[in-house]
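Enquirer: Just so it is clear, I am handing over target35.pdb, which has PDB, C-alpha atoms and all ligand atoms.
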```
MODEL        1
ATOM      1  CA  MET W   1      11.551  27.002  -3.532  1.00  0.00           C
ATOM      2  CA  VAL W   2       9.783  23.772  -2.811  1.00  0.00           C
ATOM      3  CA  ALA W   3       6.915  24.851  -5.043  1.00  0.00           C
ATOM      4  CA  LEU W   4       9.322  25.464  -7.913  1.00  0.00           C
ATOM      5  CA  ALA W   5      10.374  21.840  -7.818  1.00  0.00           C
ATOM      6  CA  ALA W   6       6.743  20.831  -8.025  1.00  0.00           C
ATOM      7  CA  VAL W   7       6.144  23.070 -11.036  1.00  0.00           C
ATOM      8  CA  PHE W   8       9.259  22.246 -13.004  1.00  0.00           C
ATOM      9  CA  GLY W   9       9.754  18.674 -11.908  1.00  0.00           C
ATOM     10  CA  THR W  10       7.232  17.107 -14.270  1.00  0.00           C
ATOM     11  CA  SER W  11       9.763  15.570 -16.636  1.00  0.00           C
ATOM     12  CA  LEU W  12      12.969  15.781 -14.647  1.00  0.00           C
ATOM     13  CA  TYR W  13      12.739  14.294 -11.189  1.00  0.00           C
ATOM     14  CA  ALA W  14      16.185  15.340 -10.040  1.00  0.00           C
ATOM     15  CA  VAL W  15      15.372  19.045  -9.893  1.00  0.00           C
ATOM     16  CA  PRO W  16      17.450  20.463  -7.064  1.00  0.00           C
ATOM     17  CA  THR W  17      15.598  22.470  -4.465  1.00  0.00           C
ATOM     18  CA  THR W  18      17.722  25.505  -3.997  1.00  0.00           C
ATOM     19  CA  SER W  19      18.408  26.574  -0.481  1.00  0.00           C
ATOM     20  CA  ALA W  20      20.045  29.892  -1.279  1.00  0.00           C
ATOM     21  CA  GLY W  21      19.841  32.162   1.703  1.00  0.00           C
ATOM     22  CA  SER W  22      18.767  29.354   3.979  1.00  0.00           C
ATOM     23  CA  SER W  23      20.925  27.471   6.396  1.00  0.00           C
ATOM     24  CA  ASP W  24      18.081  25.162   7.344  1.00  0.00           C
ATOM     25  CA  ALA W  25      19.110  21.728   6.093  1.00  0.00           C
ATOM     26  CA  SER W  26      15.699  20.312   6.974  1.00  0.00           C
ATOM     27  CA  ALA W  27      14.255  22.118   3.933  1.00  0.00           C
ATOM     28  CA  HIS W  28      15.796  19.356   1.860  1.00  0.00           C
ATOM     29  CA  VAL W  29      14.030  16.731   3.911  1.00  0.00           C
ATOM     30  CA  VAL W  30      10.614  18.326   3.489  1.00  0.00           C
ATOM     31  CA  ALA W  31      10.995  18.900  -0.236  1.00  0.00           C
ATOM     32  CA  ASP W  32      10.218  16.093  -2.657  1.00  0.00           C
ATOM     33  CA  ASP W  33      11.210  16.307  -6.282  1.00  0.00           C
ATOM     34  CA  ARG W  34       8.404  13.988  -7.379  1.00  0.00           C
ATOM     35  CA  PRO W  35       5.660  16.172  -8.891  1.00  0.00           C
ATOM     36  CA  ALA W  36       2.803  13.887  -7.784  1.00  0.00           C
ATOM     37  CA  VAL W  37       3.834  13.909  -4.112  1.00  0.00           C
ATOM     38  CA  ILE W  38       2.037  16.351  -1.786  1.00  0.00           C
ATOM     39  CA  GLY W  39       3.366  14.855   1.459  1.00  0.00           C
ATOM     40  CA  LYS W  40       5.242  11.939   2.924  1.00  0.00           C
ATOM     41  CA  ARG W  41       5.610  10.204   6.213  1.00  0.00           C
ATOM     42  CA  VAL W  42       7.633   7.530   7.979  1.00  0.00           C
ATOM     43  CA  VAL W  43       4.807   5.560   9.598  1.00  0.00           C
ATOM     44  CA  GLY W  44       7.127   3.418  11.698  1.00  0.00           C
ATOM     45  CA  ARG W  45      10.181   1.189  11.625  1.00  0.00           C
ATOM     46  CA  SER W  46      10.733  -2.499  11.047  1.00  0.00           C
ATOM     47  CA  VAL W  47      12.308  -5.024  13.417  1.00  0.00           C
ATOM     48  CA  ARG W  48      15.686  -4.223  11.801  1.00  0.00           C
ATOM     49  CA  ASP W  49      14.993  -0.490  12.128  1.00  0.00           C
ATOM     50  CA  ARG W  50      14.250   0.143   8.448  1.00  0.00           C
ATOM     51  CA  PRO W  51      11.760   2.971   7.821  1.00  0.00           C
ATOM     52  CA  ILE W  52       8.254   2.143   6.575  1.00  0.00           C
ATOM     53  CA  ARG W  53       7.342   5.028   4.299  1.00  0.00           C
ATOM     54  CA  ALA W  54       4.074   6.353   2.905  1.00  0.00           C
ATOM     55  CA  TRP W  55       3.588   9.011   0.256  1.00  0.00           C
ATOM     56  CA  HIS W  56       0.582  11.310  -0.058  1.00  0.00           C
ATOM     57  CA  LEU W  57      -0.586  11.965  -3.616  1.00  0.00           C
ATOM     58  CA  GLY W  58      -3.577  13.509  -5.326  1.00  0.00           C
ATOM     59  CA  GLU W  59      -5.906  16.111  -3.859  1.00  0.00           C
ATOM     60  CA  ARG W  60      -7.044  16.613  -0.282  1.00  0.00           C
ATOM     61  CA  GLY W  61     -10.818  16.543   0.165  1.00  0.00           C
ATOM     62  CA  LYS W  62     -11.419  13.890  -2.511  1.00  0.00           C
ATOM     63  CA  PRO W  63     -12.227  10.229  -1.708  1.00  0.00           C
ATOM     64  CA  LYS W  64      -9.430   8.931   0.520  1.00  0.00           C
ATOM     65  CA  VAL W  65      -7.705   5.797  -0.743  1.00  0.00           C
ATOM     66  CA  LEU W  66      -4.708   3.818   0.534  1.00  0.00           C
ATOM     67  CA  LEU W  67      -2.716   1.333  -1.539  1.00  0.00           C
ATOM     68  CA  ILE W  68      -0.449  -1.106   0.322  1.00  0.00           C
ATOM     69  CA  SER W  69       2.113  -3.525  -1.104  1.00  0.00           C
ATOM     70  CA  THR W  70       4.941  -5.841  -0.041  1.00  0.00           C
ATOM     71  CA  MET W  71       3.382  -6.949   3.222  1.00  0.00           C
ATOM     72  CA  HIS W  72       5.052 -10.211   2.188  1.00  0.00           C
ATOM     73  CA  GLY W  73       8.663  -9.696   1.135  1.00  0.00           C
ATOM     74  CA  ASP W  74       8.627 -12.466  -1.461  1.00  0.00           C
ATOM     75  CA  GLU W  75       5.818 -10.815  -3.476  1.00  0.00           C
ATOM     76  CA  PRO W  76       7.910  -8.172  -5.221  1.00  0.00           C
ATOM     77  CA  HIS W  77       5.991  -7.064  -8.301  1.00  0.00           C
ATOM     78  CA  THR W  78       2.928  -5.065  -7.238  1.00  0.00           C
ATOM     79  CA  ARG W  79       5.076  -2.477  -5.496  1.00  0.00           C
ATOM     80  CA  GLN W  80       5.769  -1.158  -9.003  1.00  0.00           C
ATOM     81  CA  ILE W  81       2.129  -0.055  -9.347  1.00  0.00           C
ATOM     82  CA  LEU W  82       2.414   2.172  -6.297  1.00  0.00           C
ATOM     83  CA  GLU W  83       5.857   3.471  -7.228  1.00  0.00           C
ATOM     84  CA  ALA W  84       4.673   4.333 -10.746  1.00  0.00           C
ATOM     85  CA  LEU W  85       1.832   6.411  -9.275  1.00  0.00           C
ATOM     86  CA  ARG W  86       4.197   8.082  -6.816  1.00  0.00           C
ATOM     87  CA  ASP W  87       6.871   8.839  -9.424  1.00  0.00           C
ATOM     88  CA  GLY W  88       4.562   9.958 -12.231  1.00  0.00           C
ATOM     89  CA  ARG W  89       2.590  13.074 -13.012  1.00  0.00           C
ATOM     90  CA  PRO W  90       0.297  14.841 -10.517  1.00  0.00           C
ATOM     91  CA  ILE W  91      -2.917  12.974  -9.738  1.00  0.00           C
ATOM     92  CA  HIS W  92      -6.411  14.482  -9.623  1.00  0.00           C
ATOM     93  CA  GLY W  93      -9.786  13.332  -8.345  1.00  0.00           C
ATOM     94  CA  ILE W  94      -8.585  11.253  -5.403  1.00  0.00           C
ATOM     95  CA  ASP W  95      -6.882  11.734  -2.021  1.00  0.00           C
ATOM     96  CA  LEU W  96      -4.327   8.952  -2.331  1.00  0.00           C
ATOM     97  CA  TRP W  97      -1.742   7.442  -0.016  1.00  0.00           C
ATOM     98  CA  VAL W  98       0.679   4.757  -1.196  1.00  0.00           C
ATOM     99  CA  LEU W  99       2.697   2.515   1.126  1.00  0.00           C
ATOM    100  CA  PRO W 100       4.834   0.449  -1.266  1.00  0.00           C
ATOM    101  CA  THR W 101       6.985  -1.528   1.190  1.00  0.00           C
ATOM    102  CA  TYR W 102       5.141  -2.617   4.303  1.00  0.00           C
ATOM    103  CA  ASN W 103       7.734  -5.285   5.160  1.00  0.00           C
ATOM    104  CA  PRO W 104      11.158  -3.787   4.330  1.00  0.00           C
ATOM    105  CA  ASP W 105      13.104  -6.514   6.180  1.00  0.00           C
ATOM    106  CA  GLY W 106      11.258  -9.248   4.277  1.00  0.00           C
ATOM    107  CA  ARG W 107      11.874  -7.420   1.026  1.00  0.00           C
ATOM    108  CA  VAL W 108      15.636  -7.390   1.621  1.00  0.00           C
ATOM    109  CA  ARG W 109      15.614 -11.054   2.676  1.00  0.00           C
ATOM    110  CA  HIS W 110      13.095 -12.146  -0.004  1.00  0.00           C
ATOM    111  CA  THR W 111      10.979 -13.775   2.667  1.00  0.00           C
ATOM    112  CA  ARG W 112       7.240 -13.746   3.223  1.00  0.00           C
ATOM    113  CA  LYS W 113       7.699 -13.018   6.899  1.00  0.00           C
ATOM    114  CA  ASN W 114       9.364 -10.205   8.824  1.00  0.00           C
ATOM    115  CA  ALA W 115      12.807 -10.470  10.445  1.00  0.00           C
ATOM    116  CA  ARG W 116      11.365 -12.313  13.452  1.00  0.00           C
ATOM    117  CA  GLY W 117       9.688 -14.909  11.253  1.00  0.00           C
ATOM    118  CA  VAL W 118       6.148 -13.564  11.659  1.00  0.00           C
ATOM    119  CA  ASP W 119       3.572 -13.422   8.859  1.00  0.00           C
ATOM    120  CA  LEU W 120       2.409  -9.815   9.215  1.00  0.00           C
ATOM    121  CA  ASN W 121      -0.948 -10.704   7.675  1.00  0.00           C
ATOM    122  CA  ARG W 122      -1.752 -13.004  10.610  1.00  0.00           C
ATOM    123  CA  ASN W 123      -0.569 -10.651  13.344  1.00  0.00           C
ATOM    124  CA  PHE W 124      -3.478  -8.181  13.546  1.00  0.00           C
ATOM    125  CA  PRO W 125      -5.712  -8.131  16.642  1.00  0.00           C
ATOM    126  CA  ASN W 126      -8.795  -9.380  14.832  1.00  0.00           C
ATOM    127  CA  ASN W 127      -9.758 -13.032  15.144  1.00  0.00           C
ATOM    128  CA  TRP W 128      -6.097 -13.672  16.050  1.00  0.00           C
ATOM    129  CA  VAL W 129      -5.062 -17.217  16.899  1.00  0.00           C
ATOM    130  CA  ASP W 130      -1.661 -18.736  17.657  1.00  0.00           C
ATOM    131  CA  LEU W 131      -0.568 -20.128  14.298  1.00  0.00           C
ATOM    132  CA  ASP W 132       2.794 -21.762  13.624  1.00  0.00           C
ATOM    133  CA  GLY W 133       4.716 -22.681  10.502  1.00  0.00           C
ATOM    134  CA  ALA W 134       3.997 -20.968   7.186  1.00  0.00           C
ATOM    135  CA  TYR W 135       1.484 -18.588   8.783  1.00  0.00           C
ATOM    136  CA  GLU W 136       3.341 -17.927  12.051  1.00  0.00           C
ATOM    137  CA  SER W 137       1.131 -15.344  13.724  1.00  0.00           C
ATOM    138  CA  GLY W 138       3.590 -14.098  16.363  1.00  0.00           C
ATOM    139  CA  PRO W 139       3.581 -14.479  20.153  1.00  0.00           C
ATOM    140  CA  ARG W 140       0.515 -12.256  20.575  1.00  0.00           C
ATOM    141  CA  PRO W 141      -1.735  -9.932  18.546  1.00  0.00           C
ATOM    142  CA  ALA W 142       0.085  -6.859  17.199  1.00  0.00           C
ATOM    143  CA  SER W 143       3.406  -8.145  18.561  1.00  0.00           C
ATOM    144  CA  GLU W 144       5.342  -6.808  15.561  1.00  0.00           C
ATOM    145  CA  PRO W 145       6.484  -3.204  15.102  1.00  0.00           C
ATOM    146  CA  GLU W 146       5.378  -3.258  11.448  1.00  0.00           C
ATOM    147  CA  THR W 147       1.827  -4.197  12.505  1.00  0.00           C
ATOM    148  CA  ARG W 148       1.650  -1.480  15.136  1.00  0.00           C
ATOM    149  CA  ALA W 149       3.023   1.102  12.691  1.00  0.00           C
ATOM    150  CA  VAL W 150       0.337   0.350  10.114  1.00  0.00           C
ATOM    151  CA  MET W 151      -2.396   0.250  12.776  1.00  0.00           C
ATOM    152  CA  ARG W 152      -1.380   3.725  13.940  1.00  0.00           C
ATOM    153  CA  PHE W 153      -1.284   4.982  10.374  1.00  0.00           C
ATOM    154  CA  LEU W 154      -4.723   3.571   9.510  1.00  0.00           C
ATOM    155  CA  ARG W 155      -6.262   4.956  12.709  1.00  0.00           C
ATOM    156  CA  ASP W 156      -4.843   8.325  11.817  1.00  0.00           C
ATOM    157  CA  ILE W 157      -5.766   8.674   8.135  1.00  0.00           C
ATOM    158  CA  ARG W 158      -8.859   6.366   8.100  1.00  0.00           C
ATOM    159  CA  PRO W 159      -9.102   5.690   4.362  1.00  0.00           C
ATOM    160  CA  ARG W 160     -12.525   5.140   2.827  1.00  0.00           C
ATOM    161  CA  TRP W 161     -10.967   2.526   0.555  1.00  0.00           C
ATOM    162  CA  ILE W 162      -7.898   0.289   0.912  1.00  0.00           C
ATOM    163  CA  LEU W 163      -6.404  -2.041  -1.654  1.00  0.00           C
ATOM    164  CA  SER W 164      -3.872  -4.516  -0.247  1.00  0.00           C
ATOM    165  CA  PHE W 165      -1.777  -5.949  -3.076  1.00  0.00           C
ATOM    166  CA  HIS W 166      -0.392  -9.480  -2.956  1.00  0.00           C
ATOM    167  CA  GLN W 167       0.765 -12.346  -5.181  1.00  0.00           C
ATOM    168  CA  PRO W 168       0.370 -14.965  -6.634  1.00  0.00           C
ATOM    169  CA  LEU W 169      -3.292 -16.047  -6.302  1.00  0.00           C
ATOM    170  CA  TYR W 170      -4.491 -13.919  -9.240  1.00  0.00           C
ATOM    171  CA  GLY W 171      -7.844 -12.502  -8.284  1.00  0.00           C
ATOM    172  CA  VAL W 172      -9.841 -10.010  -6.254  1.00  0.00           C
ATOM    173  CA  ASP W 173     -11.335 -11.215  -2.983  1.00  0.00           C
ATOM    174  CA  THR W 174     -15.100 -11.727  -2.924  1.00  0.00           C
ATOM    175  CA  VAL W 175     -15.298 -12.677   0.760  1.00  0.00           C
ATOM    176  CA  THR W 176     -15.171  -9.078   1.859  1.00  0.00           C
ATOM    177  CA  LYS W 177     -17.095  -6.218   3.398  1.00  0.00           C
ATOM    178  CA  ASN W 178     -18.263  -4.430   0.281  1.00  0.00           C
ATOM    179  CA  LYS W 179     -19.047  -6.809  -2.555  1.00  0.00           C
ATOM    180  CA  ARG W 180     -19.913  -4.035  -4.964  1.00  0.00           C
ATOM    181  CA  PHE W 181     -16.449  -2.545  -4.422  1.00  0.00           C
ATOM    182  CA  SER W 182     -14.935  -5.980  -5.011  1.00  0.00           C
ATOM    183  CA  ARG W 183     -16.767  -6.347  -8.343  1.00  0.00           C
ATOM    184  CA  LYS W 184     -15.777  -2.854  -9.403  1.00  0.00           C
ATOM    185  CA  VAL W 185     -12.093  -3.435  -8.610  1.00  0.00           C
ATOM    186  CA  ALA W 186     -12.020  -6.815 -10.375  1.00  0.00           C
ATOM    187  CA  ARG W 187     -13.557  -5.285 -13.476  1.00  0.00           C
ATOM    188  CA  ALA W 188     -11.237  -2.272 -13.488  1.00  0.00           C
ATOM    189  CA  LEU W 189      -8.060  -4.311 -12.952  1.00  0.00           C
ATOM    190  CA  ASN W 190      -9.162  -7.091 -15.318  1.00  0.00           C
ATOM    191  CA  LEU W 191      -8.721  -9.739 -12.626  1.00  0.00           C
ATOM    192  CA  PRO W 192     -11.072 -12.631 -11.785  1.00  0.00           C
ATOM    193  CA  ARG W 193     -13.139 -12.642  -8.616  1.00  0.00           C
ATOM    194  CA  LYS W 194     -12.077 -15.292  -6.118  1.00  0.00           C
ATOM    195  CA  SER W 195     -12.761 -16.312  -2.542  1.00  0.00           C
ATOM    196  CA  PHE W 196      -9.626 -15.975  -0.430  1.00  0.00           C
ATOM    197  CA  THR W 197     -10.608 -17.839   2.713  1.00  0.00           C
ATOM    198  CA  CYS W 198      -7.068 -18.444   4.058  1.00  0.00           C
ATOM    199  CA  GLY W 199      -7.700 -22.191   3.849  1.00  0.00           C
ATOM    200  CA  GLY W 200     -10.698 -22.014   6.171  1.00  0.00           C
ATOM    201  CA  ALA W 201     -11.026 -18.861   8.251  1.00  0.00           C
ATOM    202  CA  CYS W 202      -8.840 -15.781   8.045  1.00  0.00           C
ATOM    203  CA  HIS W 203      -7.093 -14.974  11.303  1.00  0.00           C
ATOM    204  CA  GLY W 204      -5.282 -11.782  12.169  1.00  0.00           C
ATOM    205  CA  THR W 205      -5.401 -10.206   8.704  1.00  0.00           C
ATOM    206  CA  MET W 206      -5.038  -6.498   8.090  1.00  0.00           C
ATOM    207  CA  THR W 207      -8.129  -6.295   5.890  1.00  0.00           C
ATOM    208  CA  GLY W 208     -10.194  -8.183   8.492  1.00  0.00           C
ATOM    209  CA  TRP W 209      -9.046  -5.847  11.258  1.00  0.00           C
ATOM    210  CA  TYR W 210      -9.795  -2.722   9.246  1.00  0.00           C
ATOM    211  CA  ASN W 211     -13.132  -3.931   7.902  1.00  0.00           C
ATOM    212  CA  ASN W 212     -14.356  -4.821  11.386  1.00  0.00           C
ATOM    213  CA  ARG W 213     -13.321  -1.623  13.126  1.00  0.00           C
ATOM    214  CA  PHE W 214     -13.650   1.209  10.641  1.00  0.00           C
ATOM    215  CA  ALA W 215     -16.269   2.551   8.270  1.00  0.00           C
ATOM    216  CA  GLY W 216     -14.014   2.085   5.251  1.00  0.00           C
ATOM    217  CA  ALA W 217     -13.553  -1.040   3.138  1.00  0.00           C
ATOM    218  CA  ALA W 218     -10.263  -2.896   2.735  1.00  0.00           C
ATOM    219  CA  LEU W 219      -9.863  -5.389  -0.096  1.00  0.00           C
ATOM    220  CA  THR W 220      -7.211  -7.957  -1.046  1.00  0.00           C
ATOM    221  CA  VAL W 221      -5.992  -7.889  -4.655  1.00  0.00           C
ATOM    222  CA  GLU W 222      -3.715 -10.668  -5.879  1.00  0.00           C
ATOM    223  CA  TYR W 223      -1.753 -10.650  -9.103  1.00  0.00           C
ATOM    224  CA  GLY W 224      -0.121 -13.736 -10.555  1.00  0.00           C
ATOM    225  CA  PRO W 225       3.458 -14.868  -9.914  1.00  0.00           C
ATOM    226  CA  HIS W 226       4.974 -13.031 -12.880  1.00  0.00           C
ATOM    227  CA  PRO W 227       2.952 -10.012 -13.999  1.00  0.00           C
ATOM    228  CA  SER W 228       4.615  -8.139 -16.850  1.00  0.00           C
ATOM    229  CA  ARG W 229       6.565  -4.993 -16.191  1.00  0.00           C
ATOM    230  CA  ARG W 230       4.216  -3.121 -18.535  1.00  0.00           C
ATOM    231  CA  ARG W 231       1.162  -4.274 -16.614  1.00  0.00           C
ATOM    232  CA  MET W 232       2.669  -3.198 -13.281  1.00  0.00           C
ATOM    233  CA  GLN W 233       4.128   0.139 -14.381  1.00  0.00           C
ATOM    234  CA  VAL W 234       1.697   1.328 -17.080  1.00  0.00           C
ATOM    235  CA  THR W 235      -1.599  -0.549 -17.263  1.00  0.00           C
ATOM    236  CA  ALA W 236      -2.406  -1.235 -13.609  1.00  0.00           C
ATOM    237  CA  PRO W 237      -1.645   2.292 -12.315  1.00  0.00           C
ATOM    238  CA  ARG W 238      -4.088   3.723 -14.861  1.00  0.00           C
ATOM    239  CA  GLN W 239      -6.667   1.048 -14.039  1.00  0.00           C
ATOM    240  CA  VAL W 240      -6.364   1.701 -10.294  1.00  0.00           C
ATOM    241  CA  LEU W 241      -7.056   5.407 -10.763  1.00  0.00           C
ATOM    242  CA  SER W 242     -10.062   4.589 -12.974  1.00  0.00           C
ATOM    243  CA  ILE W 243     -11.785   2.826 -10.052  1.00  0.00           C
ATOM    244  CA  TRP W 244     -12.467   6.270  -8.559  1.00  0.00           C
ATOM    245  CA  GLY W 245     -12.563   8.266 -11.785  1.00  0.00           C
ATOM    246  CA  ALA W 246      -9.162   9.754 -10.946  1.00  0.00           C
ATOM    247  CA  PHE W 247      -6.524  10.614 -13.525  1.00  0.00           C
ATOM    248  CA  ARG W 248      -3.020  11.918 -13.977  1.00  0.00           C
ATOM    249  CA  HIS W 249      -2.283  15.398 -15.210  1.00  0.00           C
ATOM    250  CA  ARG W 250      -1.166  15.420 -18.842  1.00  0.00           C
TER     251      ARG W 250
HETATM  252 ZN    ZN B 301       0.842 -11.801   0.322  1.00  0.00          ZN
ENDMDL
END
```
Rewrite the coordinates I just gave you, this time as structure tokens.
Expert:
Amino acid sequence: MVALAAVFGTSLYAVPTTSAGSSDASAHVVADDRPAVIGKRVVGRSVRDRPIRAWHLGERGKPKVLLISTMHGDEPHTRQILEALRDGRPIHGIDLWVLPTYNPDGRVRHTRKNARGVDLNRNFPNNWVDLDGAYESGPRPASEPETRAVMRFLRDIRPRWILSFHQPLYGVDTVTKNKRFSRKVARALNLPRKSFTCGGACHGTMTGWYNNRFAGAALTVEYGPHPSRRRMQVTAPRQVLSIWGAFRHR
């Protein structure tokens, strides 16, 4: 019955998954009426106990990619890129995970930081220092539940490629592990290449932690303060897939 939803759900997302003959209510939890989704997971919970969700799209066995957005709750636009991929047609040529809302408490409060006032992109146990103010790094490395949730998730799935979407600096980071990847992403997304040095040295960032400890490459991508809805929902999703030669089923 779950498969039927996947087959017939291409234009109508609200296809009910029938549970005739089954008293197992959990069948409804497993099923997803989005045709592009092949799996989903709650990777952890926020300080205020909101779930942090990831969706698995594309094809297993292809290059593994993770897209992350809304690490900062006051950067609301790029989440639309990930949601458009999740809610659209089935994706081919890539093994793709999307995590649209890393910081659900910050999203609700429209704040950069999490509910305890910590900048999650300074909280990772890589070159961590005790920062206060705008870049409050927390009482210790990985002190925040959101950080630990994403660390567990990354250790588990180990993407070859990660794009971490932010705003509003408008560019793709060049101070990164794989400069060829950086050039390719900037070209595909039609964004300039910039050096994001965190005003000196980057401390406790997610991309720094991943790049130092894993074989894969994590890259920061910043859009401007007010990207158009069309760019976020139509243009950028297509451009992101093109980085790996992936495409959506027609
Ligand atoms: Zn940000």
Enquirer: Given 8 Å of margin on each side, can you work out the centre and size in Å (one decimal) of an axis-aligned box holding every listed atom of stretch 168-182 of chain W, as AutoDock Vina command-line options?
Expert:
```
--center_x -9.8 --center_y -9.3 --center_z -2.9 --size_x 36.3 --size_y 29.5 --size_z 28.6
```
Enquirer: Contacts between ligand ZN 301 (chain B) and chain W, please, where a residue of chain W counts if it comes within 9 Å (with only C-alpha atoms and all ligand atoms); show its shortest atom pair and distance in Å to one decimal, rows by chain and ascending number, as a tab-separated table.
Expert:
```
residue	atom	partner	partner_atom	distance
W:Ser69	CA	B:ZN301	ZN	8.5
W:Thr70	CA	B:ZN301	ZN	7.2
W:Met71	CA	B:ZN301	ZN	6.2
W:His72	CA	B:ZN301	ZN	4.9
W:Gly73	CA	B:ZN301	ZN	8.1
W:Asp74	CA	B:ZN301	ZN	8.0
W:Glu75	CA	B:ZN301	ZN	6.3
W:Arg112	CA	B:ZN301	ZN	7.3
W:Asn121	CA	B:ZN301	ZN	7.6
W:Ser164	CA	B:ZN301	ZN	8.7
W:Phe165	CA	B:ZN301	ZN	7.3
W:His166	CA	B:ZN301	ZN	4.2
W:Gln167	CA	B:ZN301	ZN	5.5
W:Pro168	CA	B:ZN301	ZN	7.7
W:Leu169	CA	B:ZN301	ZN	8.9
W:Glu222	CA	B:ZN301	ZN	7.8
```
Enquirer: Selected residues, C-alpha atoms, written as a PDB file, keeping the file's coordinate frame, please.
Expert:
```pdb
ATOM      1  CA  SER W  69       2.113  -3.525  -1.104  1.00  0.00           C
ATOM      2  CA  THR W  70       4.941  -5.841  -0.041  1.00  0.00           C
ATOM      3  CA  MET W  71       3.382  -6.949   3.222  1.00  0.00           C
ATOM      4  CA  HIS W  72       5.052 -10.211   2.188  1.00  0.00           C
ATOM      5  CA  GLY W  73       8.663  -9.696   1.135  1.00  0.00           C
ATOM      6  CA  ASP W  74       8.627 -12.466  -1.461  1.00  0.00           C
ATOM      7  CA  GLU W  75       5.818 -10.815  -3.476  1.00  0.00           C
ATOM      8  CA  ARG W 112       7.240 -13.746   3.223  1.00  0.00           C
ATOM      9  CA  ASN W 121      -0.948 -10.704   7.675  1.00  0.00           C
ATOM     10  CA  SER W 164      -3.872  -4.516  -0.247  1.00  0.00           C
ATOM     11  CA  PHE W 165      -1.777  -5.949  -3.076  1.00  0.00           C
ATOM     12  CA  HIS W 166      -0.392  -9.480  -2.956  1.00  0.00           C
ATOM     13  CA  GLN W 167       0.765 -12.346  -5.181  1.00  0.00           C
ATOM     14  CA  PRO W 168       0.370 -14.965  -6.634  1.00  0.00           C
ATOM     15  CA  LEU W 169      -3.292 -16.047  -6.302  1.00  0.00           C
ATOM     16  CA  GLU W 222      -3.715 -10.668  -5.879  1.00  0.00           C
TER      17      GLU W 222
END
```
Enquirer: Skip W:Ala215 itself and residues of its chain fewer than 6 positions away, then list as number ranges by chain all residues within 12 Å of it, counting all atoms listed in the file.
Expert: W: 154-155, 158-162, 177-178, 209
Enquirer: Could you write out as an MDAnalysis selection string the residues that the PyMOL selection byres (((chain W and resi 67) around 6) and not hetatm) matches in the shown file?
Expert: chainID W and resid 66 68 98 162:163
Enquirer: Generate the output file for the selected residues, C-alpha atoms, as a PDB file, keeping the file's coordinate frame.
Expert:
```pdb
ATOM      1  CA  LEU W  66      -4.708   3.818   0.534  1.00  0.00           C
ATOM      2  CA  ILE W  68      -0.449  -1.106   0.322  1.00  0.00           C
ATOM      3  CA  VAL W  98       0.679   4.757  -1.196  1.00  0.00           C
ATOM      4  CA  ILE W 162      -7.898   0.289   0.912  1.00  0.00           C
ATOM      5  CA  LEU W 163      -6.404  -2.041  -1.654  1.00  0.00           C
TER       6      LEU W 163
END
```
Enquirer: When distances are computed from all atoms listed in the file, which of W:Arg140, W:Leu189, W:Thr176, W:Thr101 shows the smallest separation from W:Thr235?
Expert: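 Among the listed residues, the smallest separation from W:Thr235 belongs to W:Leu189.
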Enquirer: Between atom CA of W:Arg48 and atom CA of W:His226, what distance in Å does the model show, to one decimal?
Expert: 28.3 Å
Enquirer: Which residue, W:Glu83, W:Glu59, W:Asp173, W:Asp105, has the smallest gap to W:Val185 when you use all atoms listed in the file?
Expert: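 Answer, going by the shortest atom-to-atom distance: W:Asp173.
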Enquirer: At what distance in Å, to one decimal, does atom CA of W:Ala218 lie from atom CA of W:Met206?
Expert: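 Computed distance, atom CA of W:Met206 to atom CA of W:Ala218, equals 8.3 Å.
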